[in-house]
>>> print(open('input-v3.cif').read())   # mmCIF, C-alpha atoms
data_entry
#
loop_
_atom_site.group_PDB
_atom_site.id
_atom_site.type_symbol
_atom_site.label_atom_id
_atom_site.label_comp_id
_atom_site.auth_asym_id
_atom_site.auth_seq_id
_atom_site.Cartn_x
_atom_site.Cartn_y
_atom_site.Cartn_z
ATOM 1 C CA VAL H 851 5.835 153.239 48.886
ATOM 2 C CA GLN H 852 9.492 152.296 49.243
ATOM 3 C CA CYS H 853 11.625 155.135 47.874
ATOM 4 C CA ARG H 854 14.946 154.292 49.460
ATOM 5 C CA PRO H 855 17.405 151.814 47.920
ATOM 6 C CA ARG H 856 18.266 149.178 50.526
ATOM 7 C CA ALA H 857 22.025 149.763 50.322
ATOM 8 C CA ALA H 858 21.788 153.585 50.417
ATOM 9 C CA VAL H 859 23.683 155.515 53.072
ATOM 10 C CA GLY H 860 22.482 158.956 54.223
ATOM 11 C CA GLU H 861 19.750 160.980 52.603
ATOM 12 C CA VAL H 862 18.787 159.957 49.064
ATOM 13 C CA LEU H 863 17.115 161.749 46.178
ATOM 14 C CA ARG H 864 14.161 160.234 44.362
ATOM 15 C CA ILE H 865 13.358 161.950 41.078
ATOM 16 C CA VAL H 866 9.916 161.208 39.675
ATOM 17 C CA THR H 867 10.018 162.315 36.067
ATOM 18 C CA VAL H 868 7.496 162.208 33.249
ATOM 19 C CA ASN H 869 7.389 163.924 29.890
ATOM 20 C CA ASP H 870 5.191 164.193 26.822
ATOM 21 C CA VAL H 871 2.004 164.493 28.873
ATOM 22 C CA TYR H 872 -0.653 165.286 26.306
ATOM 23 C CA LYS H 873 -3.879 164.629 28.203
ATOM 24 C CA LEU H 874 -5.227 166.168 31.402
ATOM 25 C CA ASP H 875 -6.513 162.818 32.616
ATOM 26 C CA ASN H 876 -2.911 161.602 33.088
ATOM 27 C CA TYR H 877 -2.275 164.037 35.954
ATOM 28 C CA PRO H 878 -4.476 162.482 38.689
ATOM 29 C CA ASP H 879 -2.436 159.257 38.594
ATOM 30 C CA LEU H 880 0.795 161.236 38.832
ATOM 31 C CA ALA H 881 -0.581 163.295 41.732
ATOM 32 C CA GLY H 882 -1.674 160.157 43.597
ATOM 33 C CA PHE H 883 1.683 158.476 43.082
ATOM 34 C CA LEU H 884 3.552 161.570 44.297
ATOM 35 C CA ARG H 885 1.364 161.821 47.415
ATOM 36 C CA ALA H 886 2.164 158.202 48.257
ATOM 37 C CA VAL H 887 5.902 158.591 47.676
ATOM 38 C CA ARG H 888 6.107 161.891 49.564
ATOM 39 C CA ALA H 889 4.070 160.530 52.508
ATOM 40 C CA THR H 890 6.813 158.012 53.332
ATOM 41 C CA ALA H 891 9.822 160.067 52.228
ATOM 42 C CA ALA H 892 10.753 161.680 55.560
ATOM 43 C CA ALA H 893 10.733 158.372 57.425
ATOM 44 C CA GLN H 894 13.006 156.911 54.743
ATOM 45 C CA ARG H 895 15.370 159.902 54.650
ATOM 46 C CA CYS H 896 14.415 160.432 51.040
ATOM 47 C CA ARG H 897 14.062 163.767 49.258
ATOM 48 C CA VAL H 898 11.452 163.581 46.482
ATOM 49 C CA ILE H 899 11.167 165.942 43.519
ATOM 50 C CA CYS H 900 8.997 165.732 40.421
ATOM 51 C CA THR H 901 10.302 166.879 37.048
ATOM 52 C CA LEU H 902 8.601 167.270 33.704
ATOM 53 C CA PRO H 903 11.249 167.945 31.051
ATOM 54 C CA GLY H 904 9.153 169.190 28.179
ATOM 55 C CA ASP H 905 6.117 168.650 26.015
ATOM 56 C CA PHE H 906 3.320 169.192 28.515
ATOM 57 C CA LEU H 907 1.434 172.273 27.288
ATOM 58 C CA SER H 908 0.807 170.910 23.822
ATOM 59 C CA PRO H 909 -0.201 168.978 21.715
ATOM 60 C CA CYS H 910 -3.033 168.580 24.211
ATOM 61 C CA VAL H 911 -6.210 169.285 22.241
ATOM 62 C CA ILE H 912 -7.554 171.706 24.875
ATOM 63 C CA SER H 913 -4.322 173.741 24.609
ATOM 64 C CA SER H 914 -5.273 174.745 21.083
ATOM 65 C CA ILE H 915 -8.285 176.464 22.668
ATOM 66 C CA ASP H 916 -6.903 177.850 25.950
ATOM 67 C CA GLY H 917 -3.220 178.366 25.085
ATOM 68 C CA GLY H 918 -2.055 175.715 27.577
ATOM 69 C CA LYS H 919 -3.857 177.158 30.629
ATOM 70 C CA ALA H 920 -5.527 173.904 31.731
ATOM 71 C CA MET H 921 -2.314 171.925 31.363
ATOM 72 C CA GLY H 922 -0.380 174.583 33.291
ATOM 73 C CA ASP H 923 -2.989 174.610 36.054
ATOM 74 C CA ALA H 924 -2.691 170.819 36.298
ATOM 75 C CA LEU H 925 1.093 171.102 36.768
ATOM 76 C CA ASN H 926 0.530 173.396 39.736
ATOM 77 C CA THR H 927 -2.122 171.113 41.215
ATOM 78 C CA VAL H 928 -0.026 167.919 41.066
ATOM 79 C CA PRO H 929 2.441 169.702 42.006
ATOM 80 C CA VAL H 930 5.355 169.335 39.609
ATOM 81 C CA ASP H 931 8.534 170.883 41.044
ATOM 82 C CA TYR H 932 10.595 171.466 37.892
ATOM 83 C CA VAL H 933 9.842 171.844 34.193
ATOM 84 C CA CYS H 934 11.813 172.887 31.154
ATOM 85 C CA PHE H 935 10.985 173.692 27.560
ATOM 86 C CA GLY H 936 10.267 171.005 25.022
ATOM 87 C CA ASN H 937 9.517 171.767 21.415
ATOM 88 C CA HIS H 938 5.748 171.519 21.969
ATOM 89 C CA GLU H 939 5.653 174.280 24.589
ATOM 90 C CA PHE H 940 6.071 176.696 21.685
ATOM 91 C CA ASP H 941 3.001 175.287 19.910
ATOM 92 C CA VAL H 942 0.831 177.524 22.128
ATOM 93 C CA GLY H 943 2.363 180.639 20.566
ATOM 94 C CA PRO H 944 2.545 183.930 22.480
ATOM 95 C CA SER H 945 0.641 182.537 25.485
ATOM 96 C CA ILE H 946 3.791 180.606 26.437
ATOM 97 C CA SER H 947 4.973 183.649 28.441
ATOM 98 C CA ARG H 948 1.772 183.570 30.537
ATOM 99 C CA ARG H 949 2.177 179.836 31.173
ATOM 100 C CA VAL H 950 5.793 180.321 32.283
ATOM 101 C CA LYS H 951 4.800 183.071 34.717
ATOM 102 C CA ALA H 952 1.865 181.050 36.100
ATOM 103 C CA PHE H 953 3.945 177.966 36.940
ATOM 104 C CA SER H 954 4.386 177.639 40.722
ATOM 105 C CA GLY H 955 7.481 175.404 40.594
ATOM 106 C CA LYS H 956 10.804 176.204 38.956
ATOM 107 C CA TRP H 957 10.967 176.520 35.201
ATOM 108 C CA LEU H 958 14.577 175.886 34.169
ATOM 109 C CA ASN H 959 15.912 177.319 30.921
ATOM 110 C CA SER H 960 19.530 176.391 30.357
ATOM 111 C CA ASN H 961 20.014 177.168 26.686
ATOM 112 C CA ILE H 962 17.260 179.252 25.063
ATOM 113 C CA SER H 963 18.362 182.887 24.911
ATOM 114 C CA GLU H 964 15.690 184.240 22.565
ATOM 115 C CA PRO H 965 12.990 184.966 23.243
ATOM 116 C CA ALA H 966 13.788 185.891 26.827
ATOM 117 C CA PHE H 967 11.435 184.404 29.426
ATOM 118 C CA GLU H 968 10.696 185.640 32.935
ATOM 119 C CA ASP H 969 9.115 184.092 36.004
ATOM 120 C CA ALA H 970 6.153 185.612 37.883
ATOM 121 C CA ALA H 971 8.488 187.986 39.758
ATOM 122 C CA GLY H 972 9.926 189.319 36.493
ATOM 123 C CA ALA H 973 13.296 187.590 36.924
ATOM 124 C CA PRO H 974 14.934 185.681 34.072
ATOM 125 C CA LEU H 975 14.335 181.944 34.278
ATOM 126 C CA PRO H 976 17.171 180.177 36.079
ATOM 127 C CA ALA H 977 19.598 178.111 34.008
ATOM 128 C CA PHE H 978 19.923 175.606 36.846
ATOM 129 C CA ASP H 979 18.942 174.797 40.400
ATOM 130 C CA ILE H 980 20.915 173.120 43.128
ATOM 131 C CA VAL H 981 19.065 170.557 45.225
ATOM 132 C CA GLU H 982 20.648 169.788 48.588
ATOM 133 C CA VAL H 983 20.509 166.096 49.481
ATOM 134 C CA GLY H 984 22.175 165.470 52.814
ATOM 135 C CA ASP H 985 25.747 166.688 52.407
ATOM 136 C CA LYS H 986 25.569 166.486 48.602
ATOM 137 C CA ALA H 987 24.491 169.002 45.975
ATOM 138 C CA VAL H 988 22.624 167.895 42.854
ATOM 139 C CA VAL H 989 22.540 170.245 39.877
ATOM 140 C CA LEU H 990 19.427 170.287 37.698
ATOM 141 C CA GLY H 991 19.318 171.959 34.305
ATOM 142 C CA GLY H 992 16.755 172.239 31.527
ATOM 143 C CA PHE H 993 18.213 171.848 28.046
ATOM 144 C CA ALA H 994 16.145 172.097 24.877
ATOM 145 C CA THR H 995 17.225 170.498 21.633
ATOM 146 C CA ASP H 996 18.766 172.864 19.115
ATOM 147 C CA THR H 997 17.128 171.077 16.170
ATOM 148 C CA LEU H 998 15.131 174.136 15.170
ATOM 149 C CA ASP H 999 13.005 172.503 12.479
ATOM 150 C CA ILE H 1000 10.933 170.658 15.125
ATOM 151 C CA TYR H 1001 9.684 173.891 16.710
ATOM 152 C CA ARG H 1002 6.587 175.807 15.647
ATOM 153 C CA PRO H 1003 7.325 178.014 12.623
ATOM 154 C CA GLY H 1004 7.736 181.626 13.698
ATOM 155 C CA SER H 1005 9.022 180.752 17.186
ATOM 156 C CA ASN H 1006 12.233 182.654 16.363
ATOM 157 C CA LEU H 1007 14.265 180.751 18.930
ATOM 158 C CA VAL H 1008 17.951 181.157 19.607
ATOM 159 C CA ILE H 1009 19.121 177.944 21.237
ATOM 160 C CA GLU H 1010 22.661 177.245 22.355
ATOM 161 C CA ARG H 1011 23.990 173.804 21.488
ATOM 162 C CA PRO H 1012 23.112 171.566 24.484
ATOM 163 C CA ALA H 1013 26.660 170.229 24.975
ATOM 164 C CA THR H 1014 28.061 173.770 25.039
ATOM 165 C CA ALA H 1015 25.308 174.915 27.408
ATOM 166 C CA MET H 1016 25.924 171.963 29.729
ATOM 167 C CA ALA H 1017 29.564 172.941 30.162
ATOM 168 C CA ARG H 1018 28.594 176.575 30.825
ATOM 169 C CA VAL H 1019 25.854 175.636 33.300
ATOM 170 C CA TRP H 1020 28.113 173.150 35.100
ATOM 171 C CA ALA H 1021 30.812 175.827 35.527
ATOM 172 C CA ALA H 1022 28.246 178.294 36.875
ATOM 173 C CA ALA H 1023 26.805 175.701 39.264
ATOM 174 C CA CYS H 1024 30.269 174.766 40.535
ATOM 175 C CA ALA H 1025 31.022 178.433 41.142
ATOM 176 C CA ALA H 1026 27.755 178.760 43.105
ATOM 177 C CA CYS H 1027 28.558 175.858 45.455
#
>>> encode(input="input-v3.cif", output="structure tokens")
Amino acid sequence: VQCRPRAAVGEVLRIVTVNDVYKLDNYPDLAGFLRAVRATAAAQRCRVICTLPGDFLSPCVISSIDGGKAMGDALNTVPVDYVCFGNHEFDVGPSISRRVKAFSGKWLNSNISEPAFEDAAGAPLPAFDIVEVGDKAVVLGGFATDTLDIYRPGSNLVIERPATAMARVWAAACAAC
């Protein structure tokens, strides 16, 4: 699989991104595609990451039974490198905290302050990550919409306006570089 633009100079970044994955049977195709892309990446001087920016735990029908466990396990099997919250992650209710802790990649949370979420080590979720690509740094963030009426009633979310959060996260990322 060709993952390098012909005119590219130096190492390049290929981001494979999907969202709104509502059925488990969509993950094998994604896993196969990622294996193929990653198998040729080193020879092409291409860094490959997979992102899933929201809506993957629900509204999968099985998630209403297992609180998103099967969908979360599938993310780890693929593997997906980065996820962030979409409005449907909160459809699974209190089990969302278990799904966050069970994810083996990085769960980015750039603008949801309440409730507070932690990773498996008990650390707050990162607001951003910096991906090194050759001599460049790429900043990734995970911003949820602040349109609260699309979230599950009772989620009690405090969400910073995305544009405001982007400026804050960018400043923090610049300071970290």
>>> atom_distance(input="input-v3.cif", atom1="CA of Thr867 in chain H", atom2="CA of Val983 in chain H")
17.4 Å
>>> atom_distance(input="input-v3.cif", atom1="CA of Val859 in chain H", atom2="CA of Arg888 in chain H")
19.0 Å
>>> closest_atom_pairs(input="input-v3.cif", of="range 916-949 of chain H", to="range 963-967 of chain H", cutoff="10 Å", atoms="only C-alpha atoms", output="Markdown table")
| residue | atom | partner | partner_atom | distance |
| --- | --- | --- | --- | --- |
| H:Ile946 | CA | H:Phe967 | CA | 9.0 |
| H:Ser947 | CA | H:Phe967 | CA | 6.6 |
| H:Arg948 | CA | H:Phe967 | CA | 9.8 |
>>> residues_near_point(input="input-v3.cif", point="(13.9, 168.0, 30.5)", cutoff="8 Å", atoms="all atoms listed in the file", output="PyMOL selection string")
chain H and resi 869+901-904+933-936+991-994
>>> closest_residue(input="input-v3.cif", among="H:Ser908, H:Asn1006, H:Asn961, H:Gln894", to="Val871 in chain H", atoms="all atoms listed in the file")
H:Ser908
>>> decode(input="input-v3.cif", residues="range 944-959 of chain H", atoms="all heavy atoms", output="compact mmCIF listing (two decimals), in the first residue's frame")
# COMPACT_ATOMS: atom_id res chain seq x y z
N PRO H 944 -22.26 5.20 33.43
CA PRO H 944 -21.11 5.15 34.32
C PRO H 944 -19.98 4.22 33.85
O PRO H 944 -18.83 4.40 34.25
CB PRO H 944 -21.70 4.64 35.64
CG PRO H 944 -23.15 4.97 35.57
CD PRO H 944 -23.51 4.88 34.12
N SER H 945 -20.27 3.27 32.99
CA SER H 945 -19.20 2.36 32.54
C SER H 945 -18.19 3.06 31.64
O SER H 945 -17.15 2.48 31.31
CB SER H 945 -19.79 1.13 31.84
OG SER H 945 -20.42 1.48 30.63
N ILE H 946 -18.45 4.30 31.26
CA ILE H 946 -17.49 5.04 30.43
C ILE H 946 -16.12 5.10 31.10
O ILE H 946 -15.09 4.96 30.44
CB ILE H 946 -18.01 6.46 30.06
CG1 ILE H 946 -17.04 7.20 29.15
CG2 ILE H 946 -18.26 7.30 31.29
CD1 ILE H 946 -16.87 6.63 27.79
N SER H 947 -16.07 5.27 32.41
CA SER H 947 -14.78 5.34 33.11
C SER H 947 -13.99 4.04 32.95
O SER H 947 -12.77 4.07 32.77
CB SER H 947 -14.98 5.64 34.59
OG SER H 947 -15.45 6.96 34.74
N ARG H 948 -14.67 2.90 33.00
CA ARG H 948 -13.98 1.61 32.79
C ARG H 948 -13.45 1.49 31.37
O ARG H 948 -12.37 0.97 31.14
CB ARG H 948 -14.92 0.44 33.12
CG ARG H 948 -15.18 0.29 34.60
CD ARG H 948 -15.86 -1.04 34.93
NE ARG H 948 -17.13 -1.25 34.25
CZ ARG H 948 -18.31 -0.78 34.67
NH1 ARG H 948 -18.38 -0.06 35.76
NH2 ARG H 948 -19.41 -1.05 33.99
N ARG H 949 -14.23 1.97 30.39
CA ARG H 949 -13.80 1.89 28.99
C ARG H 949 -12.58 2.78 28.76
O ARG H 949 -11.66 2.41 28.04
CB ARG H 949 -14.92 2.30 28.04
CG ARG H 949 -16.20 1.49 28.13
CD ARG H 949 -16.07 0.01 27.75
NE ARG H 949 -15.51 -0.85 28.74
CZ ARG H 949 -16.16 -1.43 29.76
NH1 ARG H 949 -17.43 -1.19 29.96
NH2 ARG H 949 -15.54 -2.23 30.60
N VAL H 950 -12.57 3.96 29.37
CA VAL H 950 -11.42 4.87 29.24
C VAL H 950 -10.17 4.20 29.80
O VAL H 950 -9.12 4.18 29.15
CB VAL H 950 -11.70 6.21 29.96
CG1 VAL H 950 -10.44 7.05 30.05
CG2 VAL H 950 -12.81 6.98 29.25
N LYS H 951 -10.29 3.62 30.98
CA LYS H 951 -9.12 2.99 31.62
C LYS H 951 -8.65 1.75 30.88
O LYS H 951 -7.47 1.41 30.93
CB LYS H 951 -9.45 2.65 33.07
CG LYS H 951 -9.56 3.89 33.93
CD LYS H 951 -9.91 3.56 35.35
CE LYS H 951 -9.98 4.87 36.13
NZ LYS H 951 -10.26 4.69 37.53
N ALA H 952 -9.54 1.06 30.17
CA ALA H 952 -9.17 -0.17 29.47
C ALA H 952 -8.55 0.08 28.10
O ALA H 952 -7.96 -0.83 27.52
CB ALA H 952 -10.40 -1.06 29.31
N PHE H 953 -8.64 1.30 27.59
CA PHE H 953 -8.11 1.58 26.26
C PHE H 953 -6.59 1.56 26.29
O PHE H 953 -5.96 2.21 27.13
CB PHE H 953 -8.63 2.94 25.76
CG PHE H 953 -8.13 3.30 24.39
CD1 PHE H 953 -8.39 2.48 23.31
CD2 PHE H 953 -7.38 4.44 24.19
CE1 PHE H 953 -7.93 2.80 22.03
CE2 PHE H 953 -6.91 4.77 22.93
CZ PHE H 953 -7.19 3.94 21.85
N SER H 954 -5.97 0.84 25.36
CA SER H 954 -4.51 0.68 25.36
C SER H 954 -3.78 1.76 24.59
O SER H 954 -2.56 1.88 24.70
CB SER H 954 -4.13 -0.70 24.82
OG SER H 954 -4.56 -0.85 23.49
N GLY H 955 -4.49 2.57 23.81
CA GLY H 955 -3.86 3.70 23.11
C GLY H 955 -3.94 4.94 23.98
O GLY H 955 -4.00 4.85 25.21
N LYS H 956 -3.96 6.09 23.34
CA LYS H 956 -4.09 7.35 24.08
C LYS H 956 -5.48 7.92 23.87
O LYS H 956 -5.93 8.08 22.74
CB LYS H 956 -3.05 8.37 23.62
CG LYS H 956 -1.68 8.02 24.10
CD LYS H 956 -0.74 9.18 23.99
CE LYS H 956 0.61 8.75 24.55
NZ LYS H 956 1.56 9.83 24.51
N TRP H 957 -6.14 8.19 24.98
CA TRP H 957 -7.46 8.81 24.95
C TRP H 957 -7.23 10.29 25.24
O TRP H 957 -6.82 10.66 26.34
CB TRP H 957 -8.37 8.19 26.00
CG TRP H 957 -9.82 8.48 25.80
CD1 TRP H 957 -10.40 9.69 25.64
CD2 TRP H 957 -10.87 7.52 25.74
NE1 TRP H 957 -11.76 9.56 25.49
CE2 TRP H 957 -12.07 8.22 25.54
CE3 TRP H 957 -10.92 6.13 25.84
CZ2 TRP H 957 -13.30 7.61 25.45
CZ3 TRP H 957 -12.15 5.51 25.75
CH2 TRP H 957 -13.33 6.24 25.55
N LEU H 958 -7.45 11.14 24.25
CA LEU H 958 -7.23 12.58 24.40
C LEU H 958 -8.53 13.25 24.83
O LEU H 958 -9.60 12.95 24.31
CB LEU H 958 -6.73 13.18 23.09
CG LEU H 958 -5.43 12.59 22.55
CD1 LEU H 958 -5.10 13.20 21.18
CD2 LEU H 958 -4.29 12.81 23.53
N ASN H 959 -8.41 14.16 25.77
CA ASN H 959 -9.56 14.92 26.27
C ASN H 959 -9.12 16.37 26.41
O ASN H 959 -8.52 16.75 27.40
CB ASN H 959 -10.03 14.36 27.62
CG ASN H 959 -11.16 15.19 28.20
OD1 ASN H 959 -11.82 15.95 27.50
ND2 ASN H 959 -11.37 15.07 29.49
